[in-house]
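For reference, the structure is listed below as structure tokens.
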Amino acid sequence: MERCPWPKNDELYIKYHDEEWGEYTGDDKKHFEFLVLESAQAGLSWLTILRRRENYREAYAGFNPDIVSKYNQDKIEELMNNAGIIRNRKKIEASINNAVLFLKLQQEFGSFNNYLLSFTLHKRLTNYIEKIENLPPMSIVSDRISKDMKKRGFKFLGSTIMYAHLQAVGIINDHIMCCFKFKKIKDEGEEILGGIYTDKLVLYNAGIQENNCKKLNELVIIKKEDNEIIGNISIVENKNYKIKIKNIKGKNEYKSEAEAMIIKYLDLN
């Protein structure tokens with residue numbers, strides 16, 4: 001059984017990968033839990049936070065945003081003296097601030113999950129990635145979400161952290177293609193192509209990029225080196241496709257790489 005290589009041989013990490021990472025539930029309580037943990041992670045490893053997860057669960061009232069939103073200065077001092085969590089005052093204050101704003105988003109969108117899905121045309125996204133080296137640290141979607149959340153006042157939740165959040169809660173399936181979880185999660189519920197990631201290119205869903213349902217069967221070809229759009233692909237129901245590449249140096253090399261990955265994508269769908 002193959003799995004993504006990042007858990008390595010750590011039992012906690014393997015369990016997290018096999019049983020939780022990338023699984024979609026749409027549960028707002030799970031969303032708030034990960035927002036607390038991920039904002040605490042900034043500058044640290046995720047494994048460091050996972051090992052403190054149960055301590056956080058106790059300190060943050062089972063990750064109840066209603067309760068956390070009411071934490072006062074005395075509670076902040078209590079948390080600062082809790083050796084079981086990351087004792088960073090700014091991160092602790094940010095988690096309380098974020099709880100208040102989390103509740104506001106629930107009121108506005110019906111749920112925090114609905115808020116996030118509003119950036120993905122209300123679909124789960126599957127990325128097609130062969131090698132862990134091509135796993136992206138962020139995306140157009142996470143850029144948009146973090147920018148909007150920053151405007152709303154959220155803290156310690158930049159694009160990289162929000163991309164990790166989308167991966168963790170299953171809005172984006174970023175298990176590599178040979179991992180046993182890739183197809184399992186892909187086949188659970190309604191999903192659409194997010195992007196295809198190669199060594200030199202990203203073939204990104206134009207519908208997601210432009211937030212336009214009419215363009216969900218189009219891909220834009222982005223050169224990783226400088227984020228230049230160098231072409232596009234149209235996919236039709238009978239699995240035919242056409243690739244247009246701008247007249248740039250090395251275009252045949254890029255075309256071959258794009259064709260190879262789009263064929264693998266079509267073969268899996």
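A note on labels: chains of the structure tokens are A, B, ... as shown, every chain counts residues from 1, and ligands are counted from 1 in their shown order.
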*Name the residues in contact with Gly26 of chain A at a cut-off of 10 Å, using only C-alpha atoms, excluding same-chain residues fewer than 3 positions from it; report them as an MDAnalysis selection string.*
chainID A and resid 23 29:31 111:114 116:117 169:171
Expected file: the selected residues, all heavy atoms, as an mmCIF file, in the first residue's frame:
data_model
loop_
_atom_site.group_PDB
_atom_site.id
_atom_site.type_symbol
_atom_site.label_atom_id
_atom_site.label_comp_id
_atom_site.auth_asym_id
_atom_site.auth_seq_id
_atom_site.Cartn_x
_atom_site.Cartn_y
_atom_site.Cartn_z
ATOM 1 N N GLU A 23 -9.866 14.194 4.360
ATOM 2 C CA GLU A 23 -11.236 13.680 4.454
ATOM 3 C C GLU A 23 -12.212 14.852 4.596
ATOM 4 O O GLU A 23 -12.051 15.702 5.471
ATOM 5 C CB GLU A 23 -11.376 12.740 5.654
ATOM 6 C CG GLU A 23 -10.563 11.460 5.542
ATOM 7 C CD GLU A 23 -11.211 10.438 4.629
ATOM 8 O OE1 GLU A 23 -12.366 10.665 4.196
ATOM 9 O OE2 GLU A 23 -10.570 9.411 4.340
ATOM 10 N N LYS A 29 -17.207 22.661 13.368
ATOM 11 C CA LYS A 29 -16.391 22.452 14.572
ATOM 12 C C LYS A 29 -14.988 22.001 14.184
ATOM 13 O O LYS A 29 -13.996 22.428 14.776
ATOM 14 C CB LYS A 29 -17.052 21.415 15.477
ATOM 15 C CG LYS A 29 -16.352 21.273 16.828
ATOM 16 C CD LYS A 29 -17.104 20.324 17.748
ATOM 17 C CE LYS A 29 -16.401 20.202 19.091
ATOM 18 N NZ LYS A 29 -17.102 19.263 20.005
ATOM 19 N N LYS A 30 -14.908 21.141 13.196
ATOM 20 C CA LYS A 30 -13.605 20.696 12.690
ATOM 21 C C LYS A 30 -12.848 21.864 12.067
ATOM 22 O O LYS A 30 -11.629 22.015 12.259
ATOM 23 C CB LYS A 30 -13.791 19.578 11.669
ATOM 24 C CG LYS A 30 -12.498 19.060 11.052
ATOM 25 C CD LYS A 30 -11.640 18.326 12.060
ATOM 26 C CE LYS A 30 -12.274 17.019 12.466
ATOM 27 N NZ LYS A 30 -11.400 16.248 13.395
ATOM 28 N N HIS A 31 -13.569 22.713 11.342
ATOM 29 C CA HIS A 31 -12.935 23.893 10.766
ATOM 30 C C HIS A 31 -12.312 24.768 11.851
ATOM 31 O O HIS A 31 -11.171 25.209 11.734
ATOM 32 C CB HIS A 31 -13.959 24.726 9.984
ATOM 33 C CG HIS A 31 -14.230 24.232 8.601
ATOM 34 N ND1 HIS A 31 -13.257 24.173 7.625
ATOM 35 C CD2 HIS A 31 -15.375 23.786 8.028
ATOM 36 C CE1 HIS A 31 -13.793 23.709 6.505
ATOM 37 N NE2 HIS A 31 -15.067 23.461 6.719
ATOM 38 N N SER A 111 -22.676 28.856 7.377
ATOM 39 C CA SER A 111 -21.621 28.050 7.999
ATOM 40 C C SER A 111 -20.275 28.526 7.474
ATOM 41 O O SER A 111 -20.201 29.135 6.403
ATOM 42 C CB SER A 111 -21.797 26.555 7.689
ATOM 43 O OG SER A 111 -21.517 26.296 6.317
ATOM 44 N N PHE A 112 -19.234 28.241 8.234
ATOM 45 C CA PHE A 112 -17.891 28.576 7.759
ATOM 46 C C PHE A 112 -17.546 27.720 6.549
ATOM 47 O O PHE A 112 -16.847 28.167 5.632
ATOM 48 C CB PHE A 112 -16.862 28.363 8.873
ATOM 49 C CG PHE A 112 -15.475 28.810 8.509
ATOM 50 C CD1 PHE A 112 -15.142 30.158 8.527
ATOM 51 C CD2 PHE A 112 -14.495 27.890 8.152
ATOM 52 C CE1 PHE A 112 -13.864 30.590 8.188
ATOM 53 C CE2 PHE A 112 -13.214 28.309 7.811
ATOM 54 C CZ PHE A 112 -12.899 29.659 7.828
ATOM 55 N N ASN A 113 -18.052 26.492 6.529
ATOM 56 C CA ASN A 113 -17.806 25.612 5.384
ATOM 57 C C ASN A 113 -18.372 26.221 4.104
ATOM 58 O O ASN A 113 -17.730 26.196 3.048
ATOM 59 C CB ASN A 113 -18.426 24.244 5.647
ATOM 60 C CG ASN A 113 -17.974 23.200 4.651
ATOM 61 O OD1 ASN A 113 -16.821 22.800 4.631
ATOM 62 N ND2 ASN A 113 -18.889 22.747 3.802
ATOM 63 N N ASN A 114 -19.573 26.788 4.193
ATOM 64 C CA ASN A 114 -20.170 27.455 3.028
ATOM 65 C C ASN A 114 -19.312 28.627 2.566
ATOM 66 O O ASN A 114 -19.186 28.883 1.364
ATOM 67 C CB ASN A 114 -21.572 27.960 3.354
ATOM 68 C CG ASN A 114 -22.599 26.849 3.435
ATOM 69 O OD1 ASN A 114 -22.360 25.738 2.961
ATOM 70 N ND2 ASN A 114 -23.733 27.133 4.050
ATOM 71 N N LEU A 116 -16.030 28.960 2.797
ATOM 72 C CA LEU A 116 -14.869 28.463 2.048
ATOM 73 C C LEU A 116 -15.272 27.948 0.669
ATOM 74 O O LEU A 116 -14.598 28.219 -0.330
ATOM 75 C CB LEU A 116 -14.162 27.357 2.835
ATOM 76 C CG LEU A 116 -13.486 27.766 4.137
ATOM 77 C CD1 LEU A 116 -12.780 26.553 4.760
ATOM 78 C CD2 LEU A 116 -12.479 28.897 3.931
ATOM 79 N N LEU A 117 -16.381 27.233 0.591
ATOM 80 C CA LEU A 117 -16.814 26.674 -0.692
ATOM 81 C C LEU A 117 -17.251 27.745 -1.683
ATOM 82 O O LEU A 117 -17.279 27.502 -2.890
ATOM 83 C CB LEU A 117 -17.956 25.677 -0.473
ATOM 84 C CG LEU A 117 -17.580 24.340 0.172
ATOM 85 C CD1 LEU A 117 -18.824 23.512 0.431
ATOM 86 C CD2 LEU A 117 -16.587 23.559 -0.680
ATOM 87 N N VAL A 169 -8.992 19.707 5.605
ATOM 88 C CA VAL A 169 -10.434 19.466 5.754
ATOM 89 C C VAL A 169 -11.074 18.886 4.500
ATOM 90 O O VAL A 169 -12.287 18.720 4.424
ATOM 91 C CB VAL A 169 -11.176 20.752 6.171
ATOM 92 C CG1 VAL A 169 -10.642 21.282 7.487
ATOM 93 C CG2 VAL A 169 -11.076 21.826 5.077
ATOM 94 N N GLY A 170 -10.264 18.583 3.489
ATOM 95 C CA GLY A 170 -10.770 17.869 2.324
ATOM 96 C C GLY A 170 -11.458 18.707 1.279
ATOM 97 O O GLY A 170 -12.057 18.156 0.350
ATOM 98 N N ILE A 171 -11.384 20.027 1.374
ATOM 99 C CA ILE A 171 -11.905 20.846 0.276
ATOM 100 C C ILE A 171 -10.972 20.731 -0.922
ATOM 101 O O ILE A 171 -11.402 20.824 -2.078
ATOM 102 C CB ILE A 171 -12.099 22.308 0.726
ATOM 103 C CG1 ILE A 171 -13.262 22.370 1.733
ATOM 104 C CG2 ILE A 171 -12.381 23.230 -0.457
ATOM 105 C CD1 ILE A 171 -13.550 23.740 2.276
#
*asked:* Which residues are near Tyr128 of chain A? Cut-off 7 Å, only C-alpha atoms, ignore same chain within fewer than 3 positions. Put them as a list in words.
replied: Ile176, Met177, Gly195, Ile196 and Tyr197 of chain A
*as a list in words, which residues of segment 12-215 of chain A does DSSP assign to strand (DSSP E)?*
Arg124, Leu125, Thr126, Asn127, Tyr128, Ile129, Ile172, Asn173, Glu191, Ile192, Leu193, Gly194, Gly195, Ile196, Tyr197, Leu201, Val202, Leu203, Tyr204 and Asn205 of chain A
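The shell of residues at most 10 Å from Ile86 of chain A, with only C-alpha atoms counted and near chain neighbours (fewer than 5 positions) removed, consists of Leu37, Ala40, Gln41, Leu44, Thr48, Ile49, Arg52, Asn55, Tyr56, Leu79, Met80, Asn81, Lys91 and Ile92 of chain A.
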Using the selection just defined, write its residues with C-alpha atoms as a PDB file, in the first residue's frame.
ATOM      1  CA  LEU A  37      -4.159  24.664  15.513  1.00  0.00           C
ATOM      2  CA  ALA A  40      -0.615  28.224  16.416  1.00  0.00           C
ATOM      3  CA  GLN A  41       1.593  26.351  13.945  1.00  0.00           C
ATOM      4  CA  LEU A  44       6.586  25.612  13.574  1.00  0.00           C
ATOM      5  CA  THR A  48       4.758  19.828  16.845  1.00  0.00           C
ATOM      6  CA  ILE A  49       1.133  20.966  16.956  1.00  0.00           C
ATOM      7  CA  ARG A  52      -0.166  19.080  21.559  1.00  0.00           C
ATOM      8  CA  ASN A  55      -3.883  19.839  25.271  1.00  0.00           C
ATOM      9  CA  TYR A  56      -5.369  22.417  22.906  1.00  0.00           C
ATOM     10  CA  LEU A  79      -3.270  30.007  28.595  1.00  0.00           C
ATOM     11  CA  MET A  80       0.111  31.739  28.748  1.00  0.00           C
ATOM     12  CA  ASN A  81       0.913  29.531  31.757  1.00  0.00           C
ATOM     13  CA  LYS A  91      -1.159  33.656  18.663  1.00  0.00           C
ATOM     14  CA  ILE A  92      -3.408  33.175  21.691  1.00  0.00           C
TER      15      ILE A  92
END
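Ranking A:Leu35, A:Ile132, A:Leu50, A:Leu125 by their shortest atom-to-atom distance to Asn97 of chain A, with only C-alpha atoms included, puts A:Leu35 first.
If only C-alpha atoms are the atoms counted, then among A:Asn217, A:Thr160, A:Thr126, A:Ser45 the closest residue to His175 of chain A is A:Thr126.
Closest to Asn211 of chain A among A:Phe63, A:Glu133, A:Ile229, A:Gly194 is A:Gly194, based on only C-alpha atoms.
The shortest atom-to-atom distance to Leu101 of chain A, with only C-alpha atoms taken into account, belongs to A:Lys151 out of A:Ala61, A:Lys151, A:Asn88, A:Leu121.
The smallest atom-to-atom distance between Ser139 of chain A and any of A:His165, A:Lys183, A:Lys8, A:Lys214, using only C-alpha atoms, is found for A:His165.
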